[in-house]
$ cat run.cif   # mmCIF, C-alpha atoms
data_final
loop_
_atom_site.group_PDB
_atom_site.id
_atom_site.type_symbol
_atom_site.label_atom_id
_atom_site.label_comp_id
_atom_site.auth_asym_id
_atom_site.auth_seq_id
_atom_site.Cartn_x
_atom_site.Cartn_y
_atom_site.Cartn_z
ATOM 1 C CA MET A 1 29.326 29.116 -66.845
ATOM 2 C CA THR A 2 29.939 29.081 -63.124
ATOM 3 C CA VAL A 3 29.602 31.904 -60.673
ATOM 4 C CA SER A 4 32.874 33.004 -59.074
ATOM 5 C CA GLY A 5 33.222 31.757 -55.449
ATOM 6 C CA ALA A 6 30.513 29.093 -55.753
ATOM 7 C CA GLN A 7 31.247 25.665 -54.246
ATOM 8 C CA PRO A 8 31.287 22.682 -56.616
ATOM 9 C CA GLU A 9 28.377 20.335 -56.264
ATOM 10 C CA PRO A 10 29.170 17.196 -54.186
ATOM 11 C CA THR A 11 29.288 13.840 -55.880
ATOM 12 C CA ILE A 12 28.864 10.286 -54.590
ATOM 13 C CA ASP A 13 31.809 7.918 -54.877
ATOM 14 C CA GLU A 14 31.706 4.152 -55.393
ATOM 15 C CA ALA A 15 31.464 3.473 -51.644
ATOM 16 C CA GLY A 16 28.361 5.643 -51.395
ATOM 17 C CA ARG A 17 30.136 8.455 -49.551
ATOM 18 C CA VAL A 18 29.991 12.166 -50.298
ATOM 19 C CA ALA A 19 33.018 13.176 -52.357
ATOM 20 C CA THR A 20 34.092 16.811 -52.560
ATOM 21 C CA ALA A 21 37.494 18.409 -52.759
ATOM 22 C CA ARG A 22 37.410 19.449 -49.102
ATOM 23 C CA VAL A 23 36.226 16.038 -47.876
ATOM 24 C CA ALA A 24 38.847 14.269 -49.973
ATOM 25 C CA ALA A 25 41.560 16.508 -48.529
ATOM 26 C CA ALA A 26 40.348 15.813 -44.995
ATOM 27 C CA ARG A 27 40.304 12.066 -45.585
ATOM 28 C CA SER A 28 43.818 12.132 -46.914
ATOM 29 C CA THR A 29 45.123 13.905 -43.792
ATOM 30 C CA VAL A 30 43.331 11.761 -41.176
ATOM 31 C CA THR A 31 45.145 8.565 -40.258
ATOM 32 C CA ALA A 32 43.278 5.661 -38.714
ATOM 33 C CA GLU A 33 44.780 4.760 -35.357
ATOM 34 C CA LYS A 34 43.756 1.889 -33.144
ATOM 35 C CA VAL A 35 42.165 3.138 -29.942
ATOM 36 C CA GLU A 36 43.226 1.167 -26.884
ATOM 37 C CA PRO A 37 40.907 1.068 -23.849
ATOM 38 C CA ALA A 38 42.153 2.851 -20.772
ATOM 39 C CA SER A 39 44.031 0.448 -18.540
ATOM 40 C CA GLU A 40 43.179 0.296 -14.844
ATOM 41 C CA SER A 41 45.890 -0.019 -12.257
ATOM 42 C CA ALA A 42 45.945 -2.791 -9.670
ATOM 43 C CA LEU A 43 45.574 -0.244 -6.864
ATOM 44 C CA SER A 44 42.370 1.169 -8.344
ATOM 45 C CA ARG A 45 40.981 -2.346 -8.788
ATOM 46 C CA ILE A 46 41.691 -3.152 -5.139
ATOM 47 C CA ALA A 47 40.096 0.128 -4.049
ATOM 48 C CA SER A 48 36.973 -0.526 -6.105
ATOM 49 C CA ARG A 49 36.648 -4.026 -4.652
ATOM 50 C CA ALA A 50 37.036 -2.633 -1.133
ATOM 51 C CA LYS A 51 34.220 -0.174 -1.832
ATOM 52 C CA GLY A 52 32.013 -3.010 -3.041
ATOM 53 C CA GLU A 53 31.698 -1.726 -6.595
ATOM 54 C CA GLN A 54 30.488 -4.241 -9.149
ATOM 55 C CA ARG A 55 32.894 -5.091 -11.969
ATOM 56 C CA GLY A 56 31.575 -6.468 -15.213
ATOM 57 C CA ASP A 57 28.110 -7.746 -15.942
ATOM 58 C CA LYS A 58 26.040 -9.082 -13.079
ATOM 59 C CA PRO A 59 24.869 -12.685 -13.228
ATOM 60 C CA PRO A 60 21.138 -13.344 -13.521
ATOM 61 C CA ALA A 61 19.072 -13.235 -10.354
ATOM 62 C CA ARG A 62 18.613 -16.520 -8.522
ATOM 63 C CA GLU A 63 16.346 -17.201 -5.586
ATOM 64 C CA PRO A 64 18.103 -17.068 -2.173
ATOM 65 C CA PHE A 65 18.212 -20.227 -0.090
ATOM 66 C CA PRO A 66 15.353 -20.107 2.449
ATOM 67 C CA VAL A 67 17.274 -22.163 5.026
ATOM 68 C CA VAL A 68 18.996 -18.962 6.146
ATOM 69 C CA ASN A 69 15.823 -18.043 8.039
ATOM 70 C CA ALA A 70 16.001 -21.275 10.032
ATOM 71 C CA LEU A 71 19.637 -20.592 10.896
ATOM 72 C CA ARG A 72 18.746 -17.117 12.141
ATOM 73 C CA VAL A 73 15.943 -18.448 14.338
ATOM 74 C CA THR A 74 18.232 -21.165 15.701
ATOM 75 C CA LEU A 75 20.929 -18.625 16.502
ATOM 76 C CA THR A 76 18.402 -16.393 18.257
ATOM 77 C CA LEU A 77 17.174 -19.307 20.377
ATOM 78 C CA VAL A 78 20.738 -20.238 21.339
ATOM 79 C CA LEU A 79 21.464 -16.662 22.394
ATOM 80 C CA ALA A 80 18.206 -16.637 24.359
ATOM 81 C CA VAL A 81 19.377 -19.750 26.229
ATOM 82 C CA LEU A 82 22.534 -17.866 27.206
ATOM 83 C CA CYS A 83 20.361 -15.074 28.583
ATOM 84 C CA LEU A 84 18.319 -17.542 30.643
ATOM 85 C CA LEU A 85 21.475 -19.132 32.048
ATOM 86 C CA THR A 86 22.748 -15.744 33.182
ATOM 87 C CA VAL A 87 19.404 -14.965 34.800
ATOM 88 C CA GLY A 88 19.500 -18.338 36.565
ATOM 89 C CA GLY A 89 22.947 -17.607 37.963
ATOM 90 C CA ALA A 90 21.807 -14.179 39.156
ATOM 91 C CA VAL A 91 18.770 -15.673 40.915
ATOM 92 C CA LEU A 92 20.903 -18.272 42.703
ATOM 93 C CA LEU A 93 23.360 -15.663 43.952
ATOM 94 C CA LEU A 94 20.635 -13.280 45.087
ATOM 95 C CA LEU A 95 18.804 -16.069 46.945
ATOM 96 C CA LEU A 96 22.055 -17.114 48.560
ATOM 97 C CA TRP A 97 22.759 -13.536 49.593
ATOM 98 C CA GLN A 98 19.235 -13.066 50.983
ATOM 99 C CA GLN A 99 19.398 -16.256 53.027
ATOM 100 C CA SER A 100 22.816 -15.350 54.405
ATOM 101 C CA ARG A 101 21.358 -12.086 55.690
ATOM 102 C CA ASP A 102 18.302 -13.699 57.296
ATOM 103 C CA THR A 103 19.195 -17.043 58.858
ATOM 104 C CA GLY A 104 22.608 -17.875 57.467
ATOM 105 C CA VAL A 105 23.590 -20.519 54.945
ATOM 106 C CA LEU A 106 24.360 -24.090 55.876
ATOM 107 C CA THR A 107 27.403 -25.767 54.416
ATOM 108 C CA SER A 108 25.262 -28.321 52.593
ATOM 109 C CA GLN A 109 23.119 -25.568 51.070
ATOM 110 C CA LEU A 110 26.191 -23.644 50.017
ATOM 111 C CA ASP A 111 27.693 -26.713 48.357
ATOM 112 C CA ARG A 112 24.482 -27.436 46.449
ATOM 113 C CA THR A 113 24.292 -23.829 45.276
ATOM 114 C CA TRP A 114 27.860 -23.848 44.008
ATOM 115 C CA ASP A 115 27.256 -27.184 42.301
ATOM 116 C CA LEU A 116 24.305 -25.626 40.477
ATOM 117 C CA LEU A 117 26.411 -22.621 39.514
ATOM 118 C CA ASP A 118 29.133 -24.927 38.195
ATOM 119 C CA LEU A 119 26.512 -26.749 36.140
ATOM 120 C CA LEU A 120 25.220 -23.459 34.723
ATOM 121 C CA GLN A 121 28.770 -22.442 33.824
ATOM 122 C CA ASP A 122 29.364 -25.719 31.984
ATOM 123 C CA ILE A 123 26.094 -25.406 30.072
ATOM 124 C CA GLU A 124 26.898 -21.795 29.202
ATOM 125 C CA ARG A 125 30.280 -22.833 27.840
ATOM 126 C CA TYR A 126 28.788 -25.550 25.632
ATOM 127 C CA VAL A 127 25.993 -23.305 24.380
ATOM 128 C CA ALA A 128 28.453 -20.505 23.566
ATOM 129 C CA PHE A 129 30.633 -22.933 21.614
ATOM 130 C CA ALA A 130 27.535 -24.111 19.722
ATOM 131 C CA ALA A 131 26.512 -20.542 18.863
ATOM 132 C CA ILE A 132 29.768 -19.796 17.010
ATOM 133 C CA PRO A 133 29.419 -22.392 14.193
ATOM 134 C CA ILE A 134 25.731 -21.525 13.819
ATOM 135 C CA ALA A 135 26.625 -17.855 13.395
ATOM 136 C CA MET A 136 29.390 -18.758 10.936
ATOM 137 C CA ALA A 137 26.963 -20.851 8.894
ATOM 138 C CA TRP A 138 24.473 -17.987 8.796
ATOM 139 C CA ILE A 139 27.132 -15.488 7.674
ATOM 140 C CA ALA A 140 28.368 -17.784 4.902
ATOM 141 C CA LEU A 141 24.867 -18.540 3.646
ATOM 142 C CA ALA A 142 23.842 -14.880 3.846
ATOM 143 C CA ALA A 143 26.849 -13.922 1.704
ATOM 144 C CA ILE A 144 25.940 -16.635 -0.814
ATOM 145 C CA ASN A 145 22.324 -15.450 -0.921
ATOM 146 C CA VAL A 146 23.432 -11.862 -1.493
ATOM 147 C CA GLY A 147 25.428 -12.992 -4.515
ATOM 148 C CA ARG A 148 22.523 -15.042 -5.839
ATOM 149 C CA GLY A 149 19.859 -12.406 -5.319
ATOM 150 C CA THR A 150 21.696 -9.175 -6.111
ATOM 151 C CA GLY A 151 24.624 -10.230 -8.288
ATOM 152 C CA ASN A 152 27.058 -8.494 -5.905
ATOM 153 C CA SER A 153 29.178 -11.427 -4.830
ATOM 154 C CA ARG A 154 30.949 -11.523 -1.471
ATOM 155 C CA ASN A 155 33.390 -14.182 -0.328
ATOM 156 C CA PRO A 156 31.414 -16.376 2.110
ATOM 157 C CA VAL A 157 34.511 -18.110 3.489
ATOM 158 C CA LEU A 158 36.280 -14.906 4.496
ATOM 159 C CA ALA A 159 33.076 -13.424 5.878
ATOM 160 C CA SER A 160 32.364 -16.461 8.059
ATOM 161 C CA LEU A 161 35.967 -16.842 9.255
ATOM 162 C CA SER A 162 36.078 -13.213 10.368
ATOM 163 C CA LEU A 163 33.836 -14.050 13.343
ATOM 164 C CA PRO A 164 36.070 -16.664 15.053
ATOM 165 C CA VAL A 165 39.155 -14.584 14.261
ATOM 166 C CA GLY A 166 37.718 -11.598 16.108
ATOM 167 C CA LEU A 167 36.372 -13.670 19.008
ATOM 168 C CA ILE A 168 39.544 -15.705 19.517
ATOM 169 C CA GLY A 169 41.684 -12.583 19.369
ATOM 170 C CA ALA A 170 39.499 -10.818 21.941
ATOM 171 C CA TRP A 171 39.570 -13.891 24.194
ATOM 172 C CA LEU A 172 43.371 -14.162 24.052
ATOM 173 C CA ILE A 173 43.815 -10.498 24.907
ATOM 174 C CA GLY A 174 41.363 -10.830 27.777
ATOM 175 C CA ARG A 175 43.242 -13.787 29.201
ATOM 176 C CA GLU A 176 46.811 -12.629 28.640
ATOM 177 C CA VAL A 177 46.583 -8.840 28.941
ATOM 178 C CA ILE A 178 43.550 -7.934 31.031
ATOM 179 C CA GLY A 179 43.413 -11.019 33.241
ATOM 180 C CA GLY A 180 47.152 -11.079 33.862
ATOM 181 C CA SER A 181 47.534 -7.451 34.935
ATOM 182 C CA ASP A 182 46.294 -5.304 37.806
ATOM 183 C CA ASP A 183 47.233 -2.018 36.156
ATOM 184 C CA ALA A 184 44.198 0.009 35.094
ATOM 185 C CA ILE A 185 45.963 1.507 32.069
ATOM 186 C CA THR A 186 47.040 -1.912 30.818
ATOM 187 C CA GLN A 187 43.531 -3.265 31.262
ATOM 188 C CA ALA A 188 42.040 -0.289 29.419
ATOM 189 C CA ALA A 189 44.522 -0.727 26.567
ATOM 190 C CA GLY A 190 43.662 -4.417 26.398
ATOM 191 C CA TYR A 191 39.969 -3.605 26.202
ATOM 192 C CA VAL A 192 40.620 -1.178 23.341
ATOM 193 C CA LEU A 193 42.469 -3.945 21.507
ATOM 194 C CA GLN A 194 39.554 -6.288 22.111
ATOM 195 C CA ILE A 195 36.926 -4.007 20.623
ATOM 196 C CA THR A 196 39.303 -3.257 17.742
ATOM 197 C CA LEU A 197 39.514 -6.958 16.925
ATOM 198 C CA LEU A 198 35.741 -7.230 17.120
ATOM 199 C CA THR A 199 35.479 -4.722 14.285
ATOM 200 C CA ILE A 200 36.831 -7.396 11.909
ATOM 201 C CA PRO A 201 33.536 -9.339 11.658
ATOM 202 C CA LEU A 202 31.644 -6.041 11.716
ATOM 203 C CA LEU A 203 33.447 -4.799 8.597
ATOM 204 C CA PHE A 204 32.851 -8.047 6.709
ATOM 205 C CA LEU A 205 29.177 -8.067 7.664
ATOM 206 C CA GLU A 206 28.837 -4.445 6.607
ATOM 207 C CA ARG A 207 30.196 -5.364 3.173
ATOM 208 C CA VAL A 208 27.507 -8.032 2.920
ATOM 209 C CA ALA A 209 24.875 -5.510 4.020
ATOM 210 C CA ILE A 210 26.122 -2.947 1.484
ATOM 211 C CA ALA A 211 25.918 -5.529 -1.294
ATOM 212 C CA ALA A 212 22.304 -6.265 -0.337
ATOM 213 C CA ASP A 213 21.498 -2.562 0.146
ATOM 214 C CA ALA A 214 20.397 -3.405 3.697
ATOM 215 C CA ARG A 215 20.222 -1.187 6.751
ATOM 216 C CA ARG A 216 23.527 -1.134 8.627
ATOM 217 C CA ARG A 217 22.330 0.553 11.803
ATOM 218 C CA PRO A 218 21.256 -2.747 13.473
ATOM 219 C CA LEU A 219 24.719 -4.178 12.809
ATOM 220 C CA ARG A 220 26.412 -1.208 14.421
ATOM 221 C CA ALA A 221 24.008 -1.283 17.353
ATOM 222 C CA THR A 222 24.815 -4.967 17.883
ATOM 223 C CA TYR A 223 28.520 -4.153 17.863
ATOM 224 C CA LEU A 224 28.099 -1.397 20.458
ATOM 225 C CA ILE A 225 26.004 -3.630 22.711
ATOM 226 C CA GLY A 226 28.577 -6.400 22.354
ATOM 227 C CA ALA A 227 31.350 -3.969 23.300
ATOM 228 C CA ALA A 228 29.361 -2.898 26.370
ATOM 229 C CA TYR A 229 28.773 -6.520 27.391
ATOM 230 C CA LEU A 230 32.473 -7.274 26.908
ATOM 231 C CA ALA A 231 33.379 -4.397 29.246
ATOM 232 C CA HIS A 232 30.843 -5.723 31.738
ATOM 233 C CA MET A 233 32.400 -9.185 31.566
ATOM 234 C CA GLU A 234 35.977 -7.971 31.915
ATOM 235 C CA PHE A 235 35.547 -5.393 34.677
ATOM 236 C CA LEU A 236 32.390 -6.386 36.590
ATOM 237 C CA GLY A 237 32.090 -10.108 36.046
ATOM 238 C CA GLY A 238 29.787 -12.645 34.476
ATOM 239 C CA LEU A 239 28.499 -16.142 35.002
ATOM 240 C CA SER A 240 31.702 -17.681 33.665
ATOM 241 C CA THR A 241 33.915 -15.642 36.031
ATOM 242 C CA ILE A 242 32.241 -16.643 39.321
ATOM 243 C CA ASP A 243 34.252 -18.978 41.551
ATOM 244 C CA ARG A 244 33.789 -20.624 44.930
ATOM 245 C CA ASP A 245 36.195 -18.234 46.645
ATOM 246 C CA THR A 246 33.633 -15.428 46.446
ATOM 247 C CA THR A 247 32.744 -14.205 49.927
ATOM 248 C CA ASP A 248 29.183 -13.903 51.166
ATOM 249 C CA GLY A 249 29.421 -10.112 51.152
ATOM 250 C CA ASP A 250 29.879 -10.117 47.365
ATOM 251 C CA TRP A 251 26.992 -12.443 46.528
ATOM 252 C CA GLY A 252 24.431 -9.664 46.254
ATOM 253 C CA THR A 253 26.748 -7.476 44.169
ATOM 254 C CA LEU A 254 27.560 -10.297 41.775
ATOM 255 C CA GLY A 255 23.879 -11.167 41.476
ATOM 256 C CA ALA A 256 23.079 -7.574 40.512
ATOM 257 C CA TYR A 257 25.933 -7.563 38.007
ATOM 258 C CA LEU A 258 24.589 -10.748 36.444
ATOM 259 C CA LEU A 259 21.152 -9.175 36.061
ATOM 260 C CA ILE A 260 22.725 -6.212 34.258
ATOM 261 C CA GLY A 261 24.643 -8.612 32.041
ATOM 262 C CA ALA A 262 21.465 -10.562 31.287
ATOM 263 C CA LEU A 263 19.750 -7.324 30.261
ATOM 264 C CA LEU A 264 22.610 -6.530 27.882
ATOM 265 C CA GLN A 265 22.366 -10.048 26.482
ATOM 266 C CA VAL A 266 18.645 -9.671 25.827
ATOM 267 C CA ILE A 267 19.126 -6.342 24.049
ATOM 268 C CA GLY A 268 22.050 -7.740 22.070
ATOM 269 C CA THR A 269 20.055 -10.811 21.037
ATOM 270 C CA LEU A 270 17.183 -8.681 19.758
ATOM 271 C CA SER A 271 19.591 -6.368 17.933
ATOM 272 C CA ALA A 272 21.484 -9.272 16.335
ATOM 273 C CA ASN A 273 18.228 -10.843 15.180
ATOM 274 C CA GLU A 274 17.147 -7.542 13.635
ATOM 275 C CA ALA A 275 20.522 -7.117 11.901
ATOM 276 C CA CYS A 276 20.309 -10.594 10.388
ATOM 277 C CA ARG A 277 16.699 -10.128 9.356
ATOM 278 C CA SER A 278 17.439 -6.800 7.662
ATOM 279 C CA ILE A 279 20.063 -8.454 5.440
ATOM 280 C CA GLU A 280 17.705 -11.320 4.609
ATOM 281 C CA ASP A 281 14.812 -8.986 3.772
ATOM 282 C CA ALA A 282 16.999 -6.711 1.661
ATOM 283 C CA THR A 283 18.382 -9.690 -0.256
ATOM 284 C CA GLN A 284 14.900 -11.025 -0.938
ATOM 285 C CA HIS A 285 13.698 -7.581 -2.002
ATOM 286 C CA ARG A 286 16.564 -7.113 -4.441
ATOM 287 C CA TYR A 287 15.980 -10.573 -5.862
ATOM 288 C CA GLN A 288 12.318 -9.817 -6.493
ATOM 289 C CA LEU A 289 13.236 -6.460 -8.005
ATOM 290 C CA ARG A 290 15.722 -8.004 -10.410
ATOM 291 C CA SER A 291 13.454 -10.890 -11.318
ATOM 292 C CA ARG A 292 10.412 -8.705 -12.040
ATOM 293 C CA PHE A 293 12.005 -5.721 -13.732
ATOM 294 C CA SER A 294 14.704 -5.378 -16.327
ATOM 295 C CA GLU A 295 18.358 -4.858 -15.501
ATOM 296 C CA SER A 296 18.284 -1.462 -17.180
ATOM 297 C CA LEU A 297 15.770 -0.109 -14.667
ATOM 298 C CA LEU A 298 17.844 -1.398 -11.770
ATOM 299 C CA ALA A 299 21.031 0.119 -13.189
ATOM 300 C CA GLN A 300 19.278 3.456 -13.651
ATOM 301 C CA ALA A 301 18.075 3.399 -10.043
ATOM 302 C CA GLU A 302 21.593 2.633 -8.804
ATOM 303 C CA LEU A 303 23.026 5.531 -10.805
ATOM 304 C CA GLN A 304 20.460 7.888 -9.315
ATOM 305 C CA ARG A 305 21.360 6.805 -5.772
ATOM 306 C CA ARG A 306 25.051 7.529 -6.270
ATOM 307 C CA PRO A 307 26.197 11.031 -5.259
#

$ encode --input "run.cif" --output "structure tokens"
Amino acid sequence: MTVSGAQPEPTIDEAGRVATARVAAARSTVTAEKVEPASESALSRIASRAKGEQRGDKPPAREPFPVVNALRVTLTLVLAVLCLLTVGGAVLLLLLWQQSRDTGVLTSQLDRTWDLLDLLQDIERYVAFAAIPIAMAWIALAAINVGRGTGNSRNPVLASLSLPVGLIGAWLIGREVIGGSDDAITQAAGYVLQITLLTIPLLFLERVAIAADARRRPLRATYLIGAAYLAHMEFLGGLSTIDRDTTDGDWGTLGAYLLIGALLQVIGTLSANEACRSIEDATQHRYQLRSRFSESLLAQAELQRRP
């Protein structure tokens, strides 16, 4: 005899599941539907790649190539040579100006001085051309090392090509727009275009720095110093812009301008070296972190850093 209102005791079916009247009714009303994963649009994929977000599983950590340190040191030495050449040009002009004030300058002395300045200009041109492929090689290898050490891959070809694209564009604007016009507004607009083009390598290098979780302040400081040196070159003059038609009254002014330019070059060289070293150190640190600890700990740390 059963009590009125009492629930029947559950039984176990052949599949080992609980079988009651209510469960059987629920199973008969639920239909199994295939769940499709949420599709992601092409625009969202492009946006996530632009933000540097990792898609899919990261590859295992691999040791970065140590030759990148040698490239950085070589690039720093080449930039230091450019600084010394500018200082040499400033010293020659200041000595020439001082002698013209005291006893005057003989024609033979003037010719020898301009021959030395021409030689310094030629050496500066060759050294500057040598610095560009060295910098491109460092950028490409740094991007490769970031992918090996952190798993966040960046395209080394695009990153390295961004440097000559920005430099060539700035040079063309300086020659065609700024150099070919005497209007101050046109020259200012040309300078704005120049520094805008120079942001192209900055953005690519920042993506590499973000992938390595490196400090980006040295990169931005290098960009600002480079923009200041570019303004100095375009509006005040540099070693490459000196010609023989310069009068003796402008020798002292040009010498002082060259000293200011050399100071900017020294600061820019130190800042560029620090920016490169910060990316290298961050890449090495992330590689050691991934090689010593599990990927789960690293993923948890990344989630905690996100806002």

$ residues_around --input "run.cif" --residues "Arg244 in chain A" --least-positions-apart "6" --cutoff "12 Å" --atoms "only C-alpha atoms" --output "ChimeraX atom specification"
/A:93,110-118,250-251

$ residues_around --input "run.cif" --residues "Tyr126 in chain A" --least-positions-apart "2" --cutoff "12 Å" --atoms "all atoms listed in the file" --output "tab-separated table (two decimals) with C-alpha atoms, keeping the file's coordinate frame"
chain	number	residue	atom	x	y	z
A	78	VAL	CA	20.74	-20.24	21.34
A	79	LEU	CA	21.46	-16.66	22.39
A	81	VAL	CA	19.38	-19.75	26.23
A	82	LEU	CA	22.53	-17.87	27.21
A	85	LEU	CA	21.48	-19.13	32.05
A	119	LEU	CA	26.51	-26.75	36.14
A	120	LEU	CA	25.22	-23.46	34.72
A	121	GLN	CA	28.77	-22.44	33.82
A	122	ASP	CA	29.36	-25.72	31.98
A	123	ILE	CA	26.09	-25.41	30.07
A	124	GLU	CA	26.90	-21.80	29.20
A	128	ALA	CA	28.45	-20.50	23.57
A	129	PHE	CA	30.63	-22.93	21.61
A	130	ALA	CA	27.54	-24.11	19.72
A	131	ALA	CA	26.51	-20.54	18.86
A	132	ILE	CA	29.77	-19.80	17.01
A	133	PRO	CA	29.42	-22.39	14.19
A	240	SER	CA	31.70	-17.68	33.66

$ resolve_selection --input "run.cif" --expression "the PyMOL selection byres ((chain A and resi 210) around 10)" --output "list in words"
Lys51, Gly52, Glu53, Val146, Asn152, Phe204, Leu205, Glu206, Arg207, Val208, Ala209, Ala211, Ala212, Asp213, Ala214, Arg215, Arg216, Ile279 and Ala282 of chain A

$ closest_residue --input "run.cif" --among "A:Leu141, A:Ile242, A:Ile173, A:Cys83" --to "Ser153 in chain A" --atoms "all atoms listed in the file"
A:Leu141

$ resolve_selection --input "run.cif" --expression "the PyMOL selection byres ((chain A and resi 148) around 9)" --output "list in words"
Pro59, Pro60, Ala61, Arg62, Glu63, Pro64, Phe65, Ala143, Ile144, Asn145, Val146, Gly147, Gly149, Thr150, Gly151, Asn152, Ser153, Thr283 and Tyr287 of chain A

$ closest_residue --input "run.cif" --among "A:Leu254, A:Ile139, A:Leu239, A:Ile225" --to "Ala159 in chain A" --atoms "only C-alpha atoms"
A:Ile139

$ atom_distance --input "run.cif" --atom1 "CA of Asp245 in chain A" --atom2 "CA of Ile185 in chain A"
26.4 Å

$ atom_distance --input "run.cif" --atom1 "CA of Trp97 in chain A" --atom2 "CA of Thr246 in chain A"
11.5 Å

$ axis_aligned_box --input "run.cif" --around "range 164-183 of chain A" --padding-each-side "4 Å" --output "JSON"
{"center_x": 41.8, "center_y": -9.3, "center_z": 26.0, "size_x": 19.5, "size_y": 22.6, "size_z": 31.5}

$ atom_distance --input "run.cif" --atom1 "CA of Leu270 in chain A" --atom2 "CA of Leu77 in chain A"
10.6 Å

$ closest_residue --input "run.cif" --among "A:Ile267, A:Leu197, A:Ala256, A:Leu289" --to "Ala80 in chain A" --atoms "only C-alpha atoms"
A:Ile267

$ closest_residue --input "run.cif" --among "A:Thr86, A:Leu258, A:Gly252, A:Pro218" --to "Ser100 in chain A" --atoms "only C-alpha atoms"
A:Gly252
